[in-house]
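**Student:** Structure provided below as structure tokens; questions to follow.
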Number of protein chains: 2
Amino acid sequence: MDDHTDQTRKPRADAVRNRERVLEAAKLVFNAGGPEASLEAVAKRAGVGIGTLYRHFPTREDLFEAVYRREVEQLSEFAEQLKNAKDPVDALRRWLWSGVEFVATKKGMVAALALAVQSGSELHAFSFERLTKAVGSLLDRAVAAGAMRADISPEDLLRAFFGMCYMHDQPGWQSSVLRMLDVFVDGLRVQPVAKAKTRTNTRTAKPAKAAVKRKR
Amino acid sequence: MDDHTDQTRKPRADAVRNRERVLEAAKLVFNAGGPEASLEAVAKRAGVGIGTLYRHFPTREDLFEAVYRREVEQLSEFAEQLKNAKDPVDALRRWLWSGVEFVATKKGMVAALALAVQSGSELHAFSFERLTKAVGSLLDRAVAAGAMRADISPEDLLRAFFGMCYMHDQPGWQSSVLRMLDVFVDGLRVQPVAKAKTRTNTRTAKPAKAAVKRKR
DNA sequence: TGTTAAGCGGAGGGTGCCTCCGTATCTTCG
DNA sequence: CGAAGATACGGAGGCACCCTCCGCTTAACA
């Protein structure tokens with residue numbers, strides 16, 4: 001409370017170093033083995049004791065948050081850029097697409113963000129808020145332009161998005177999710193204006209059924 | 001194959017009884033504590049040894065499958081009934097709504113079905129196939145009537161559906177999911193035909209934002 | 001009632017979570 | 001530079017859960 005002195009010691013060098021090591025290791029381990037991966041494995045890989053890991057990141061979510069902070073940032077920035085796009089609805093769609101891309105690259109990211117979105121605890125509020133704001137601005141613009149229904153919140157949208165991504169481990173999930181997102185964005189439009197089914201083809205839309213056919 | 005004798009002993013009474021007990025206990029435990037609940041807790045509650053539980057249900061998924069078999073059946077039957085509905089698109093929407101209802105009641109059911117849908121292993125193929133067929137028939141009818149785009153597979157739809165449900169633990173999730181489903185079904189239409197935004201109001205659509213507001 | 005296979009149950013080995021605290025190391029200050 | 005004290009380290013240990021394995025029990029059948 002009475003921090004009158006404010007004489008904050010310089011943080012210890014080893015502490016800083018270890019934090020970084022853990023982060024590095026966690027990124028590797030999560031991206032490879034998914035978000036269920038053992039934290040002890042992370043610690044071992046980082047060459048630190050399990051206690052050290054827990055001191056820096058008291059919960060698994062804290063670690064997620066830290067690991068994927070950069071990615072979230074990027075995604076949010078991309079939303080910023082898209083604010084200048086012509087068609088606000090299309091901007092939203094493109095943002096969602098890039099979200100799929102991210103998820104595809106970072107295996108652990110979905111679950112990490114899913115957790116953030118799901119549990120709603122303030123611990124990992126950062127990602128959630130950042131993304132909410134990002135998608136919110138896109139939504140607002142589209143709504144303001146009268147192109148999109150107004151009764152959908154950014155939270156709704158994010159949850160739906162991650163929900164869809166969450167369901168997919170199997171091969172071919174990407175095209176499936178992209179298709180679903182197309183449908184979804186279509187549903188968001190307020191003015192069907194000739195309901196361009198053309199769009200469906202812009203992205204090498206598979207013959208649907210075939211794209212999903214179970215492999216065996 | 002060469003079941004020439006066919007002299008199958010009557011199954012032991014205690015085995016049958018125990019299986020039932022485990023099922024009963026599992027239903028309680030899963031519905032209350034979610035699908036992560038300890039199997040040992042289930043066994044204890046059922047008054048059987050852990051070994052007995054595992055003999056009857058070698059994997060957690062097997063247990064899920066057995067526990068929620070009835071629910072899946074009901075849901076599928078409801079789809080049958082809806083085949084007689086006037087508007088095939090509306091039929092689909094109503095089916096999805098009832099799905100939400102199910103999920104709301106059975107806390108463990110989402111994750112159970114999600115698993116079934118997700119992992120795609122043949123162990124719990126039952127639920128997945130049953131539901132796929134159910135939703136498939138609804139889809140087909142709508143497509144045949146020219147009311148719905150044809151490039152969406154039942155699997156896609158199911159995964160999207162469960163994905164949306166999966167994301168929701170927090171209060172107010174139901175209205176959110178219902179809203180998202182509305183959007184989704186709208187997106188599925190092929191003919192906007194006056195794009196009834198009336199529907200949005202049929203179910204006391206909250207002011208969106210408010211419905212999602214975090215509680216603290 | 002005896003034989004026998006089906007079924008039972010829980011001990012035990014393994015993994016992972018998280019805490020706690022004695023020890024080591026870094027920063028600061030004289 | 002050296003001492004003092006703050007800060008961080010690491011891993012042992014307690015707990016919970018997973019799942020297997022096998023000696024014992026018990027129901028079905030003759």
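Ligands are numbered from 1 in the order shown, chains are lettered A, B, ... in the order of the structure tokens, and residues start at 1 in each chain.
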Excluding range 30-35 of chain A and residues on its chain fewer than 6 positions from it, collect all residues at most 6 Å away from it, counting only C-alpha atoms (C1' of nucleotides), and give them as a list in words.
**Tutor:**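 Near range 30-35 of chain A, the qualifying residues are Lys106, Lys107 and Gly108 of chain A.
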**Student:** Take the residues just selected and output them with all heavy atoms as a PDB file, in the first residue's frame.
**Tutor:**
ATOM      1  N   LYS A 106      -0.778 -23.149 -34.938  1.00  0.00           N
ATOM      2  CA  LYS A 106      -0.475 -23.385 -33.530  1.00  0.00           C
ATOM      3  C   LYS A 106      -1.471 -24.371 -32.960  1.00  0.00           C
ATOM      4  O   LYS A 106      -2.602 -24.019 -32.639  1.00  0.00           O
ATOM      5  CB  LYS A 106      -0.566 -22.073 -32.746  1.00  0.00           C
ATOM      6  CG  LYS A 106       0.022 -20.883 -33.466  1.00  0.00           C
ATOM      7  CD  LYS A 106       1.519 -20.925 -33.400  1.00  0.00           C
ATOM      8  CE  LYS A 106       2.119 -19.875 -34.339  1.00  0.00           C
ATOM      9  NZ  LYS A 106       3.562 -19.996 -34.438  1.00  0.00           N
ATOM     10  N   LYS A 107      -0.990 -25.569 -32.827  1.00  0.00           N
ATOM     11  CA  LYS A 107      -1.894 -26.617 -32.383  1.00  0.00           C
ATOM     12  C   LYS A 107      -2.460 -26.333 -31.003  1.00  0.00           C
ATOM     13  O   LYS A 107      -3.611 -26.650 -30.710  1.00  0.00           O
ATOM     14  CB  LYS A 107      -1.148 -27.954 -32.371  1.00  0.00           C
ATOM     15  CG  LYS A 107      -2.011 -29.177 -32.267  1.00  0.00           C
ATOM     16  CD  LYS A 107      -1.184 -30.420 -32.576  1.00  0.00           C
ATOM     17  CE  LYS A 107      -2.020 -31.671 -32.378  1.00  0.00           C
ATOM     18  NZ  LYS A 107      -2.591 -31.799 -31.042  1.00  0.00           N
ATOM     19  N   GLY A 108      -1.657 -25.739 -30.174  1.00  0.00           N
ATOM     20  CA  GLY A 108      -2.124 -25.514 -28.816  1.00  0.00           C
ATOM     21  C   GLY A 108      -3.015 -24.289 -28.681  1.00  0.00           C
ATOM     22  O   GLY A 108      -3.710 -24.128 -27.689  1.00  0.00           O
TER      23      GLY A 108
END
**Student:** Can you work out which residues from chain C touch chain B at a cut-off of 8 Å (counting only C-alpha atoms (C1' of nucleotides)) and hand them back as a VMD selection string?
**Tutor:** chain C and resid 6 to 10
**Student:** If we count only C-alpha atoms (C1' of nucleotides) and set the cut-off at 9 Å, which residues sit around DC17 in chain D, ignoring sequence neighbours fewer than 3 positions away in its own chain? Please answer as a list of chain:residue names.
**Tutor:** B:Ser38, B:Leu39, B:Glu40
**Student:** Run DSSP on the backbone of this structure and report the residues of range 58-129 of chain A it assigns to helix (DSSP H, G or I), as a ChimeraX atom specification.
**Tutor:** /A:60-82,88-105,109-119,122-129
**Student:** Show me a table, sorted first by chain and then by increasing residue number, of the residues of chain D having an atom at most 9 Å from chain B, each with its shortest atom pair and the distance in Å to one decimal, counting only C-alpha atoms (C1' of nucleotides) and written as a Markdown table.
**Tutor:**
| residue | atom | partner | partner_atom | distance |
| --- | --- | --- | --- | --- |
| D:DC17 | C1' | B:Ser38 | CA | 6.9 |
| D:DC18 | C1' | B:Leu39 | CA | 8.8 |
| D:DC19 | C1' | B:Tyr54 | CA | 8.2 |
| D:DT20 | C1' | B:Gly51 | CA | 8.7 |
| D:DT26 | C1' | B:Asp14 | CA | 8.9 |
| D:DA27 | C1' | B:Arg12 | CA | 6.1 |
| D:DA28 | C1' | B:Lys10 | CA | 7.3 |
| D:DC29 | C1' | B:Arg9 | CA | 8.7 |
**Student:** With a cut-off of 6 Å, could you pull out the residues of chain A touching chain B and give me the nearest pair of atoms for each, distance in Å to one decimal, using only C-alpha atoms, ordered by chain and ascending number, as a Markdown table?
**Tutor:**
| residue | atom | partner | partner_atom | distance |
| --- | --- | --- | --- | --- |
| A:Gln118 | CA | B:Met167 | CA | 5.7 |
| A:Asp151 | CA | B:Ala208 | CA | 5.1 |
| A:Ile152 | CA | B:Ala208 | CA | 5.8 |
| A:Ser153 | CA | B:Lys209 | CA | 5.6 |
| A:Ala160 | CA | B:Met164 | CA | 5.0 |
| A:Gly163 | CA | B:Gly163 | CA | 4.0 |
| A:Met164 | CA | B:Gly163 | CA | 4.7 |
| A:Met167 | CA | B:Gly163 | CA | 5.6 |
| A:Val183 | CA | B:Gly187 | CA | 4.6 |
| A:Phe184 | CA | B:Phe184 | CA | 4.8 |
| A:Asp186 | CA | B:Gly187 | CA | 4.6 |
| A:Gly187 | CA | B:Gly187 | CA | 3.5 |
| A:Leu188 | CA | B:Val183 | CA | 5.8 |
| A:Ala208 | CA | B:Asp151 | CA | 4.6 |
| A:Lys209 | CA | B:Ser153 | CA | 5.7 |
**Student:** Restricted to all heavy atoms, what would the selected residues look like written as a CSV table (one decimal), in the first residue's frame?
**Tutor:**
chain,number,residue,atom,x,y,z
A,118,GLN,N,-13.7,-19.5,-22.6
A,118,GLN,CA,-14.7,-20.3,-21.9
A,118,GLN,C,-14.8,-19.9,-20.4
A,118,GLN,O,-15.8,-19.6,-19.9
A,118,GLN,CB,-14.3,-21.7,-22.1
A,118,GLN,CG,-15.3,-22.7,-21.6
A,118,GLN,CD,-14.9,-24.1,-22.0
A,118,GLN,OE1,-13.7,-24.5,-22.1
A,118,GLN,NE2,-15.9,-25.0,-22.3
A,151,ASP,N,-27.8,-7.8,-33.4
A,151,ASP,CA,-28.1,-8.4,-32.1
A,151,ASP,C,-27.0,-9.5,-31.8
A,151,ASP,O,-27.2,-10.3,-30.9
A,151,ASP,CB,-29.4,-9.0,-32.1
A,151,ASP,CG,-29.6,-10.1,-33.1
A,151,ASP,OD1,-28.8,-10.1,-34.1
A,151,ASP,OD2,-30.4,-11.0,-33.0
A,152,ILE,N,-25.9,-9.4,-32.4
A,152,ILE,CA,-24.8,-10.3,-32.1
A,152,ILE,C,-23.6,-9.6,-31.4
A,152,ILE,O,-23.2,-8.6,-31.9
A,152,ILE,CB,-24.3,-10.9,-33.4
A,152,ILE,CG1,-25.4,-11.7,-34.1
A,152,ILE,CG2,-23.1,-11.9,-33.1
A,152,ILE,CD1,-26.0,-12.8,-33.3
A,153,SER,N,-23.2,-10.1,-30.3
A,153,SER,CA,-22.1,-9.5,-29.6
A,153,SER,C,-20.8,-10.1,-30.0
A,153,SER,O,-20.8,-11.2,-30.5
A,153,SER,CB,-22.3,-9.7,-28.1
A,153,SER,OG,-22.0,-11.1,-27.8
A,160,ALA,N,-18.5,-18.7,-30.9
A,160,ALA,CA,-18.9,-19.6,-32.0
A,160,ALA,C,-17.7,-19.9,-32.8
A,160,ALA,O,-17.6,-21.1,-33.2
A,160,ALA,CB,-20.0,-18.8,-32.8
A,163,GLY,N,-15.5,-22.3,-30.9
A,163,GLY,CA,-16.2,-23.6,-30.8
A,163,GLY,C,-16.1,-24.4,-32.1
A,163,GLY,O,-15.8,-25.6,-32.0
A,164,MET,N,-16.3,-23.8,-33.2
A,164,MET,CA,-16.1,-24.5,-34.5
A,164,MET,C,-14.7,-25.1,-34.6
A,164,MET,O,-14.6,-26.2,-35.0
A,164,MET,CB,-16.5,-23.6,-35.6
A,164,MET,CG,-17.9,-23.2,-35.7
A,164,MET,SD,-18.3,-22.3,-37.2
A,164,MET,CE,-19.7,-21.4,-36.7
A,167,MET,N,-13.7,-28.2,-32.5
A,167,MET,CA,-14.2,-29.5,-32.8
A,167,MET,C,-13.3,-30.3,-33.8
A,167,MET,O,-13.7,-31.4,-34.1
A,167,MET,CB,-15.6,-29.4,-33.5
A,167,MET,CG,-16.7,-29.1,-32.5
A,167,MET,SD,-17.0,-30.4,-31.4
A,167,MET,CE,-15.9,-30.1,-30.1
A,183,VAL,N,-21.1,-19.9,-44.1
A,183,VAL,CA,-22.5,-19.9,-43.8
A,183,VAL,C,-22.8,-18.9,-42.7
A,183,VAL,O,-23.8,-18.2,-42.8
A,183,VAL,CB,-22.9,-21.4,-43.3
A,183,VAL,CG1,-24.3,-21.4,-42.7
A,183,VAL,CG2,-22.7,-22.4,-44.4
A,184,PHE,N,-22.0,-18.9,-41.7
A,184,PHE,CA,-22.3,-18.1,-40.6
A,184,PHE,C,-22.3,-16.6,-41.0
A,184,PHE,O,-23.2,-15.9,-40.6
A,184,PHE,CB,-21.2,-18.3,-39.5
A,184,PHE,CG,-21.6,-17.8,-38.2
A,184,PHE,CD1,-22.4,-18.6,-37.4
A,184,PHE,CD2,-21.1,-16.6,-37.7
A,184,PHE,CE1,-22.7,-18.2,-36.1
A,184,PHE,CE2,-21.5,-16.2,-36.5
A,184,PHE,CZ,-22.3,-17.0,-35.7
A,186,ASP,N,-22.8,-15.4,-43.8
A,186,ASP,CA,-24.0,-15.2,-44.6
A,186,ASP,C,-25.2,-14.9,-43.7
A,186,ASP,O,-26.0,-14.0,-44.0
A,186,ASP,CB,-24.3,-16.4,-45.5
A,186,ASP,CG,-23.6,-16.3,-46.9
A,186,ASP,OD1,-22.8,-15.4,-47.0
A,186,ASP,OD2,-23.8,-17.2,-47.7
A,187,GLY,N,-25.2,-15.6,-42.7
A,187,GLY,CA,-26.4,-15.5,-41.8
A,187,GLY,C,-26.3,-14.1,-41.1
A,187,GLY,O,-27.4,-13.6,-40.6
A,188,LEU,N,-25.2,-13.6,-41.0
A,188,LEU,CA,-25.1,-12.3,-40.3
A,188,LEU,C,-25.5,-11.1,-41.1
A,188,LEU,O,-25.9,-10.1,-40.6
A,188,LEU,CB,-23.6,-12.1,-39.9
A,188,LEU,CG,-23.1,-12.9,-38.7
A,188,LEU,CD1,-21.6,-12.8,-38.5
A,188,LEU,CD2,-23.8,-12.4,-37.4
A,208,ALA,N,-18.1,-30.4,-51.3
A,208,ALA,CA,-18.8,-30.5,-50.0
A,208,ALA,C,-18.7,-32.0,-49.5
A,208,ALA,O,-17.8,-32.3,-48.8
A,208,ALA,CB,-20.2,-30.1,-50.1
A,209,LYS,N,-19.7,-32.8,-49.8
A,209,LYS,CA,-19.7,-34.1,-49.3
A,209,LYS,C,-18.3,-34.8,-49.4
A,209,LYS,O,-17.9,-35.3,-48.4
A,209,LYS,CB,-20.7,-34.9,-50.1
A,209,LYS,CG,-22.1,-34.5,-49.9
A,209,LYS,CD,-22.7,-35.1,-48.6
A,209,LYS,CE,-24.2,-34.7,-48.5
A,209,LYS,NZ,-24.8,-35.2,-47.3
